[in-house]
$ cat entry.csv   # CSV, C-alpha atoms
chain,number,residue,atom,x,y,z
A,1164,MET,CA,129.1,47.8,87.2
A,1165,LEU,CA,128.9,48.3,83.5
A,1166,VAL,CA,131.5,50.6,82.0
A,1167,SER,CA,131.9,51.7,78.4
A,1168,ILE,CA,135.4,51.1,76.9
A,1169,MET,CA,134.7,53.0,73.6
A,1170,GLY,CA,137.4,55.4,72.5
A,1171,ASN,CA,137.0,59.0,71.5
A,1172,THR,CA,136.9,58.3,67.8
A,1173,GLN,CA,133.7,56.8,66.5
A,1174,PRO,CA,134.5,53.3,65.2
A,1175,VAL,CA,133.3,52.1,61.8
A,1176,LEU,CA,131.5,48.8,61.2
A,1177,LEU,CA,133.7,47.0,58.6
A,1178,PHE,CA,131.5,43.9,58.0
A,1179,LYS,CA,128.4,42.2,59.3
A,1180,SER,CA,126.7,38.9,58.5
A,1181,GLY,CA,124.3,36.4,59.9
A,1182,PHE,CA,125.0,34.0,57.1
A,1183,GLU,CA,121.4,34.5,55.9
A,1184,GLU,CA,119.8,34.3,52.5
A,1185,GLY,CA,122.2,35.4,49.7
A,1186,THR,CA,125.3,34.1,51.5
A,1187,GLU,CA,127.0,30.9,50.2
A,1188,ILE,CA,130.2,29.0,50.7
A,1189,VAL,CA,132.2,28.0,47.6
A,1190,LYS,CA,135.4,26.0,47.2
A,1191,GLN,CA,138.6,28.0,46.4
A,1192,GLY,CA,141.8,26.0,46.1
A,1193,ASN,CA,142.1,23.7,49.1
A,1194,ALA,CA,139.7,25.7,51.2
A,1195,HIS,CA,136.5,27.8,51.0
A,1196,VAL,CA,135.4,31.4,50.9
A,1197,PHE,CA,132.0,33.2,51.3
A,1198,ARG,CA,130.3,34.6,48.3
A,1199,GLY,CA,127.1,36.7,47.8
A,1200,LYS,CA,125.2,39.4,49.6
A,1201,ASP,CA,123.7,38.8,53.0
A,1202,ILE,CA,120.2,40.2,52.8
A,1203,SER,CA,120.0,40.5,56.6
A,1204,SER,CA,122.9,42.9,56.8
A,1205,GLY,CA,123.3,44.3,53.3
A,1206,PHE,CA,127.0,43.5,53.3
A,1207,CYS,CA,128.5,41.7,50.3
A,1208,TRP,CA,131.2,39.1,50.7
A,1209,ASP,CA,132.5,39.6,47.2
A,1210,LYS,CA,133.0,43.4,47.5
A,1211,THR,CA,134.0,44.6,50.9
A,1212,ASN,CA,135.6,47.8,52.2
A,1213,LEU,CA,138.2,45.8,54.1
A,1214,LYS,CA,141.9,46.5,53.4
A,1215,GLY,CA,142.5,42.8,53.1
A,1216,SER,CA,140.7,39.5,52.5
A,1217,MET,CA,138.7,37.0,54.6
A,1218,ARG,CA,138.8,33.3,53.9
A,1219,PHE,CA,139.0,29.8,55.5
A,1220,PHE,CA,142.3,28.0,56.2
A,1221,TYR,CA,142.6,24.3,56.8
A,1222,LEU,CA,146.0,22.5,56.4
A,1223,ALA,CA,144.0,19.5,55.2
A,1224,GLY,CA,145.7,18.6,52.0
A,1225,GLU,CA,144.3,18.3,48.5
A,1226,GLU,CA,141.0,16.8,49.7
A,1227,PRO,CA,140.0,18.9,52.7
A,1228,GLU,CA,136.5,17.5,52.8
A,1229,ARG,CA,138.0,14.2,54.2
A,1230,TYR,CA,139.0,16.1,57.4
A,1231,ILE,CA,136.9,19.3,57.4
A,1232,SER,CA,133.3,20.2,57.2
A,1233,THR,CA,132.3,23.9,56.5
A,1234,ARG,CA,128.7,24.8,55.6
A,1235,ILE,CA,125.8,27.0,56.4
A,1236,GLU,CA,123.0,25.2,58.3
A,1237,LYS,CA,119.5,26.1,59.3
A,1238,VAL,CA,119.4,25.6,63.1
A,1239,PRO,CA,117.6,26.8,66.2
A,1240,GLY,CA,119.1,30.2,67.1
A,1241,ARG,CA,119.7,31.7,70.5
A,1242,ASP,CA,116.0,32.7,70.7
A,1243,GLY,CA,114.9,29.2,69.7
A,1244,MET,CA,113.8,30.5,66.2
A,1245,PRO,CA,115.3,29.1,63.0
A,1246,THR,CA,118.5,30.9,61.8
A,1247,ASN,CA,121.3,30.3,59.4
A,1248,ALA,CA,124.5,29.6,61.1
A,1249,LEU,CA,128.1,28.7,60.0
A,1250,TYR,CA,128.9,25.0,60.9
A,1251,MET,CA,132.6,24.3,61.3
A,1252,ALA,CA,134.0,20.8,62.1
A,1253,VAL,CA,137.4,19.0,62.1
A,1254,LYS,CA,137.0,15.3,61.6
A,1255,GLY,CA,140.6,14.3,61.9
A,1256,ASP,CA,144.2,15.2,61.3
A,1257,LEU,CA,145.8,14.8,57.9
A,1258,PRO,CA,148.4,12.0,58.3
A,1259,ASP,CA,152.0,12.4,57.4
A,1260,ASP,CA,151.7,16.0,56.4
A,1261,ASN,CA,154.7,18.2,55.7
A,1262,PHE,CA,153.6,20.9,58.2
A,1263,GLY,CA,154.2,19.1,61.5
A,1264,VAL,CA,151.0,20.7,62.8
A,1265,VAL,CA,147.4,19.6,63.4
A,1266,THR,CA,144.7,20.1,60.8
A,1267,ARG,CA,142.4,23.0,61.8
A,1268,ASN,CA,139.3,24.8,60.5
A,1269,GLU,CA,139.6,28.6,60.8
A,1270,PHE,CA,138.1,31.7,59.2
A,1271,SER,CA,140.5,34.6,59.1
A,1272,PHE,CA,141.1,38.2,58.1
A,1273,PHE,CA,144.3,38.7,56.2
A,1274,PRO,CA,145.2,42.5,56.2
A,1275,ASP,CA,146.9,44.0,53.1
A,1276,THR,CA,148.2,47.0,55.1
A,1277,ALA,CA,149.4,47.5,58.7
A,1278,PHE,CA,146.6,46.6,61.1
A,1279,HIS,CA,146.6,48.1,64.6
A,1280,GLU,CA,143.1,47.9,66.1
A,1281,GLY,CA,139.8,46.0,65.8
A,1282,TYR,CA,136.8,44.6,67.6
A,1283,VAL,CA,134.9,41.4,66.7
A,1284,SER,CA,131.7,39.9,68.1
A,1285,PHE,CA,129.6,36.9,67.2
A,1286,TRP,CA,127.4,34.2,68.7
A,1287,MET,CA,129.0,30.8,69.2
A,1288,LYS,CA,127.7,27.3,70.1
A,1289,LEU,CA,130.0,24.5,71.2
A,1290,GLN,CA,129.1,20.9,70.6
A,1291,GLY,CA,127.1,19.4,73.4
A,1292,ASN,CA,129.5,16.5,74.1
A,1293,LEU,CA,132.5,18.7,74.4
A,1294,THR,CA,133.6,17.3,77.8
A,1295,ASP,CA,133.4,13.8,76.4
A,1296,VAL,CA,135.6,14.6,73.4
A,1297,ALA,CA,138.1,16.8,75.3
A,1298,PRO,CA,141.1,14.6,76.4
A,1299,ASN,CA,141.1,13.7,80.1
A,1300,THR,CA,144.8,14.4,80.8
A,1301,LYS,CA,144.3,13.6,84.5
A,1302,GLU,CA,144.5,10.0,83.4
A,1303,SER,CA,147.2,10.4,80.8
A,1304,LYS,CA,149.4,12.8,82.8
A,1305,GLN,CA,150.8,14.1,79.5
A,1306,LEU,CA,151.1,17.8,78.6
A,1307,SER,CA,150.4,18.8,75.1
A,1308,TYR,CA,152.2,20.9,72.5
A,1309,TYR,CA,151.1,24.1,74.2
A,1310,GLY,CA,152.1,22.9,77.7
A,1311,LEU,CA,148.5,22.8,78.6
A,1312,ASP,CA,146.7,19.7,79.9
A,1313,SER,CA,143.9,19.8,77.3
A,1314,TRP,CA,143.4,22.7,74.9
A,1315,ARG,CA,141.2,23.9,72.1
A,1316,MET,CA,142.0,27.3,70.4
A,1317,ILE,CA,139.0,29.3,69.4
A,1318,MET,CA,140.6,32.6,68.2
A,1319,GLU,CA,144.1,33.8,67.3
A,1320,ILE,CA,145.9,37.0,66.2
A,1321,LYS,CA,149.4,36.5,64.6
A,1322,GLU,CA,152.4,38.4,63.3
A,1323,PRO,CA,154.0,36.5,60.4
A,1324,ASN,CA,157.0,34.1,60.5
A,1325,SER,CA,160.1,36.2,61.2
A,1326,GLY,CA,162.5,34.0,59.1
A,1327,VAL,CA,164.8,33.4,62.0
A,1328,SER,CA,165.9,30.0,63.2
A,1329,ILE,CA,163.5,28.3,65.5
A,1330,SER,CA,164.4,26.2,68.6
A,1331,GLY,CA,161.7,23.6,69.0
A,1332,ARG,CA,158.2,23.6,67.5
A,1333,GLY,CA,156.5,26.9,66.8
A,1334,THR,CA,156.2,29.5,64.1
A,1335,ASN,CA,155.4,33.2,63.8
A,1336,ASN,CA,157.0,36.2,65.4
A,1337,PHE,CA,154.3,36.9,68.0
A,1338,ARG,CA,150.8,35.6,68.5
A,1339,ILE,CA,147.9,36.1,70.9
A,1340,SER,CA,145.8,33.0,71.4
A,1341,PHE,CA,142.3,32.5,72.9
A,1342,PHE,CA,141.8,29.0,74.4
A,1343,ILE,CA,139.3,26.8,76.1
A,1344,ALA,CA,141.4,24.4,78.2
A,1345,ARG,CA,140.6,21.6,80.6
A,1346,ASP,CA,141.9,21.5,84.2
A,1347,SER,CA,143.7,18.2,84.9
A,1348,VAL,CA,142.7,18.2,88.5
A,1349,THR,CA,139.0,19.2,88.4
A,1350,GLY,CA,138.3,18.2,84.9
A,1351,ASN,CA,136.5,21.6,84.4
A,1352,MET,CA,136.8,23.7,81.2
A,1353,TYR,CA,138.2,27.2,81.6
A,1354,TRP,CA,139.3,30.2,79.5
A,1355,LEU,CA,142.9,31.1,78.8
A,1356,LEU,CA,144.4,34.1,77.0
A,1357,ARG,CA,148.1,33.8,76.1
A,1358,ALA,CA,150.7,35.8,74.2
A,1359,GLU,CA,153.7,33.9,72.8
A,1360,MET,CA,157.0,34.6,71.1
A,1361,PRO,CA,157.8,31.3,69.3
A,1362,GLN,CA,160.8,32.8,67.5
A,1363,PRO,CA,163.7,32.4,68.0
A,1364,VAL,CA,162.9,30.4,71.1
A,1365,ARG,CA,159.4,29.5,72.1
A,1366,LYS,CA,158.4,31.7,75.1
A,1367,ILE,CA,155.2,32.7,76.8
A,1368,ASP,CA,155.2,36.5,77.1
A,1369,TRP,CA,152.1,36.8,79.3
A,1370,GLU,CA,148.9,34.9,80.0
A,1371,ILE,CA,145.6,35.2,81.8
A,1372,ALA,CA,143.5,32.3,83.0
A,1373,ASN,CA,139.8,32.7,84.0
A,1374,ARG,CA,138.1,29.9,85.9
A,1375,GLU,CA,135.3,32.0,87.2
A,1376,VAL,CA,133.3,32.6,84.1
A,1377,GLU,CA,131.5,29.4,83.0
A,1378,VAL,CA,132.3,27.8,79.6
A,1379,PRO,CA,128.8,27.3,78.1
A,1380,ILE,CA,128.6,23.9,76.4
A,1381,GLY,CA,125.8,23.0,74.0
A,1382,GLU,CA,124.2,26.5,74.1
A,1383,TRP,CA,124.6,29.8,72.4
A,1384,PHE,CA,126.9,32.5,73.9
A,1385,LYS,CA,128.2,35.8,72.8
A,1386,MET,CA,131.9,36.2,72.1
A,1387,GLU,CA,133.5,39.7,72.0
A,1388,ALA,CA,137.2,40.6,71.6
A,1389,TYR,CA,139.0,43.9,71.2
A,1390,PHE,CA,142.6,44.1,70.1
A,1391,LYS,CA,145.0,47.1,69.9
A,1392,LYS,CA,148.6,46.5,68.7
A,1393,ASP,CA,151.4,48.3,70.5
A,1394,ARG,CA,154.8,47.6,72.1
A,1395,GLU,CA,153.8,49.2,75.4
A,1396,ASN,CA,150.2,50.5,75.3
A,1397,GLY,CA,148.4,47.6,73.6
A,1398,ARG,CA,145.2,46.0,74.8
A,1399,VAL,CA,143.4,42.7,74.5
A,1400,TRP,CA,139.8,42.6,76.0
A,1401,TRP,CA,137.8,39.4,75.9
A,1402,SER,CA,134.2,38.9,77.0
A,1403,VAL,CA,131.7,36.0,77.0
A,1404,ASN,CA,128.0,36.8,77.5
A,1405,GLY,CA,129.0,40.2,78.8
A,1406,HIS,CA,131.3,38.8,81.5
A,1407,GLU,CA,134.9,39.8,81.2
A,1408,ILE,CA,137.3,37.0,80.6
A,1409,ALA,CA,140.4,39.2,80.4
A,1410,ASP,CA,141.4,42.8,80.0
A,1411,TYR,CA,145.1,43.0,79.3
A,1412,HIS,CA,147.0,46.3,79.0
A,1413,GLY,CA,150.6,46.3,77.8
A,1414,ARG,CA,152.7,44.6,75.1
A,1415,THR,CA,150.7,43.1,72.2
A,1416,GLU,CA,153.5,42.7,69.7
A,1417,HIS,CA,157.1,41.4,69.6
A,1418,PRO,CA,159.2,43.5,71.9
A,1419,ASP,CA,162.3,43.7,69.7
A,1420,THR,CA,161.3,43.0,66.1
A,1421,PRO,CA,157.5,43.7,65.7
A,1422,LEU,CA,155.9,42.8,62.4
A,1423,PRO,CA,152.5,43.7,60.9
A,1424,VAL,CA,149.6,41.5,61.9
A,1425,LYS,CA,149.5,38.6,59.4
A,1426,PHE,CA,146.0,37.4,60.2
A,1427,TRP,CA,143.2,37.5,62.8
A,1428,SER,CA,141.4,34.1,63.0
A,1429,PHE,CA,138.0,35.2,64.2
A,1430,PHE,CA,136.5,31.6,64.3
A,1431,LYS,CA,139.1,28.9,65.0
A,1432,LEU,CA,138.8,25.2,65.5
A,1433,TYR,CA,142.3,24.1,66.4
A,1434,GLN,CA,143.1,21.4,69.0
A,1435,ASP,CA,145.5,18.7,70.0
A,1436,GLU,CA,145.2,15.6,67.9
A,1437,LYS,CA,144.1,13.6,70.9
A,1438,TRP,CA,140.7,15.3,70.6
A,1439,PHE,CA,139.9,13.2,67.5
A,1440,GLU,CA,140.1,9.9,69.4
A,1441,LYS,CA,136.5,10.3,70.5
A,1442,GLY,CA,135.0,11.9,67.4
A,1443,GLU,CA,135.0,15.1,65.5
A,1444,VAL,CA,135.2,18.6,67.0
A,1445,TYR,CA,132.6,21.1,65.8
A,1446,GLN,CA,130.8,24.4,66.5
A,1447,TRP,CA,128.3,26.9,65.1
A,1448,ILE,CA,128.8,30.7,64.6
A,1449,ASP,CA,126.1,33.3,64.0
A,1450,ASP,CA,125.7,37.1,63.7
A,1451,PHE,CA,129.3,38.1,63.0
A,1452,GLU,CA,130.4,41.8,63.3
A,1453,PHE,CA,133.9,43.3,62.6
A,1454,TRP,CA,134.7,46.9,63.6
A,1455,ASP,CA,137.8,49.0,63.3
A,1456,GLY,CA,137.6,50.0,67.0
A,1457,PHE,CA,135.4,49.5,70.0
A,1458,PRO,CA,131.8,50.3,69.0
A,1459,GLU,CA,129.5,52.7,70.9
A,1460,GLY,CA,127.0,51.1,73.2
A,1461,HIS,CA,129.1,48.0,74.0
A,1462,VAL,CA,130.2,47.5,77.6
A,1463,LYS,CA,132.4,45.4,79.8
A,1464,VAL,CA,131.6,44.0,83.2
A,1465,GLU,CA,133.7,45.2,86.2
$ encode --input "entry.csv" --output "structure tokens"
Amino acid sequence: MLVSIMGNTQPVLLFKSGFEEGTEIVKQGNAHVFRGKDISSGFCWDKTNLKGSMRFFYLAGEEPERYISTRIEKVPGRDGMPTNALYMAVKGDLPDDNFGVVTRNEFSFFPDTAFHEGYVSFWMKLQGNLTDVAPNTKESKQLSYYGLDSWRMIMEIKEPNSGVSISGRGTNNFRISFFIARDSVTGNMYWLLRAEMPQPVRKIDWEIANREVEVPIGEWFKMEAYFKKDRENGRVWWSVNGHEIADYHGRTEHPDTPLPVKFWSFFKLYQDEKWFEKGEVYQWIDDFEFWDGFPEGHVKVE
């Protein structure tokens, strides 16, 4: 059954782009930003109505191009016709860095004011050899940093670093992470939604695994996510190709010392360093939309 989850207030489209003509990627510092006006949507990357900024983030040192690829490519779209799409790749991990974390390629929204609710949708295509690149931990029998057998994060919402002392690895006050993981027994890929409180002690607050909805590999699929921030009445809804991955109701911020959302990484390529042993990790993104609430006409599957 298809059920609308739109609220009573009509949401506003904050930004939309298919990365078509007029859109370009330029270097800014040690990363990149979008510039120009997308003629397909009419939205301008240089002047938005967002209360905040959008930009890429890498942790790839002074020469990010050695470890990162970020560009707009002309590729066959979901209908087989040529389309401009965002190509994102991580070729390796910056050695001996000072962060203690793995290099990633992510495009994020950084709010200037308190951010409480939003919806994002886009089309995504994972590399065709994903199962070859993903570590087979059934053989290694080693759990990774996240306590998962084999993981790749594709989206994340974070509160900032709280400043308190940390026991073990992990930063940020509270975070909600969207994963593709690999089952160590079956070798199959599956979806995982997890909320964590890394500070002061790393702790999983709640998580939802979905092994029923297939992870499409090497083909376009639609990603949708809705987020509402609240100590008790929050919500995180996640859908792939119209099939519900998770619909969590409850706490979506730190229970004791909640902080404003620091960033929402819409498109994220972040994975254990073991993924690079068999080559680079990459994906394509197309037809991105960002709303301040759940838009009319969108549905979830029950």
$ atom_distance --input "entry.csv" --atom1 "atom CA of Lys1179 of chain A" --atom2 "atom CA of Val1283 of chain A"
9.9 Å
$ closest_residue --input "entry.csv" --among "A:His1417, A:His1279, A:Lys1214, A:Arg1229" --to "Leu1257 of chain A" --atoms "all atoms listed in the file"
A:Arg1229
$ closest_residue --input "entry.csv" --among "A:Val1238, A:Phe1285, A:Ser1428, A:Phe1220" --to "Phe1178 of chain A" --atoms "only C-alpha atoms"
A:Phe1285
$ atom_distance --input "entry.csv" --atom1 "atom CA of Gly1199 of chain A" --atom2 "atom CA of Asp1275 of chain A"
21.8 Å
$ closest_residue --input "entry.csv" --among "A:Val1265, A:Val1378, A:Ala1248, A:Val1175" --to "Gly1291 of chain A" --atoms "only C-alpha atoms"
A:Val1378
$ atom_distance --input "entry.csv" --atom1 "atom CA of Ser1402 of chain A" --atom2 "atom CA of Trp1354 of chain A"
10.4 Å
$ closest_residue --input "entry.csv" --among "A:Met1217, A:Ile1235, A:Ala1358, A:Leu1222" --to "Glu1183 of chain A" --atoms "only C-alpha atoms"
A:Ile1235
$ closest_residue --input "entry.csv" --among "A:Gly1381, A:Gly1397, A:Gly1413, A:Gly1255" --to "Gly1224 of chain A" --atoms "all atoms listed in the file"
A:Gly1255
$ closest_residue --input "entry.csv" --among "A:Gly1192, A:Trp1401, A:Ala1297, A:Arg1241" --to "Glu1225 of chain A" --atoms "all atoms listed in the file"
A:Gly1192
$ residues_near_point --input "entry.csv" --point "(140.9, 15.7, 53.9)" --cutoff "10 Å" --atoms "all atoms listed in the file" --output "list in words"
Asn1193, Tyr1221, Leu1222, Ala1223, Gly1224, Glu1225, Glu1226, Pro1227, Glu1228, Arg1229, Tyr1230, Ile1231, Ser1232, Val1253, Lys1254, Gly1255, Asp1256, Leu1257, Pro1258 and Thr1266 of chain A
$ residues_around --input "entry.csv" --residues "Phe1337 of chain A" --least-positions-apart "5" --cutoff "6 Å" --atoms "all atoms listed in the file" --output "PyMOL selection string"
chain A and resi 1321-1322+1359-1360+1417
$ residues_around --input "entry.csv" --residues "Asp1450 of chain A" --least-positions-apart "4" --cutoff "8 Å" --atoms "all atoms listed in the file" --output "PyMOL selection string"
chain A and resi 1179-1182+1284-1286
$ residues_near_point --input "entry.csv" --point "(136.2, 23.3, 59.9)" --cutoff "7 Å" --atoms "only C-alpha atoms" --output "list in words"
Ile1231, Ser1232, Thr1233, Met1251, Ala1252, Val1253, Arg1267, Asn1268, Glu1269 and Leu1432 of chain A
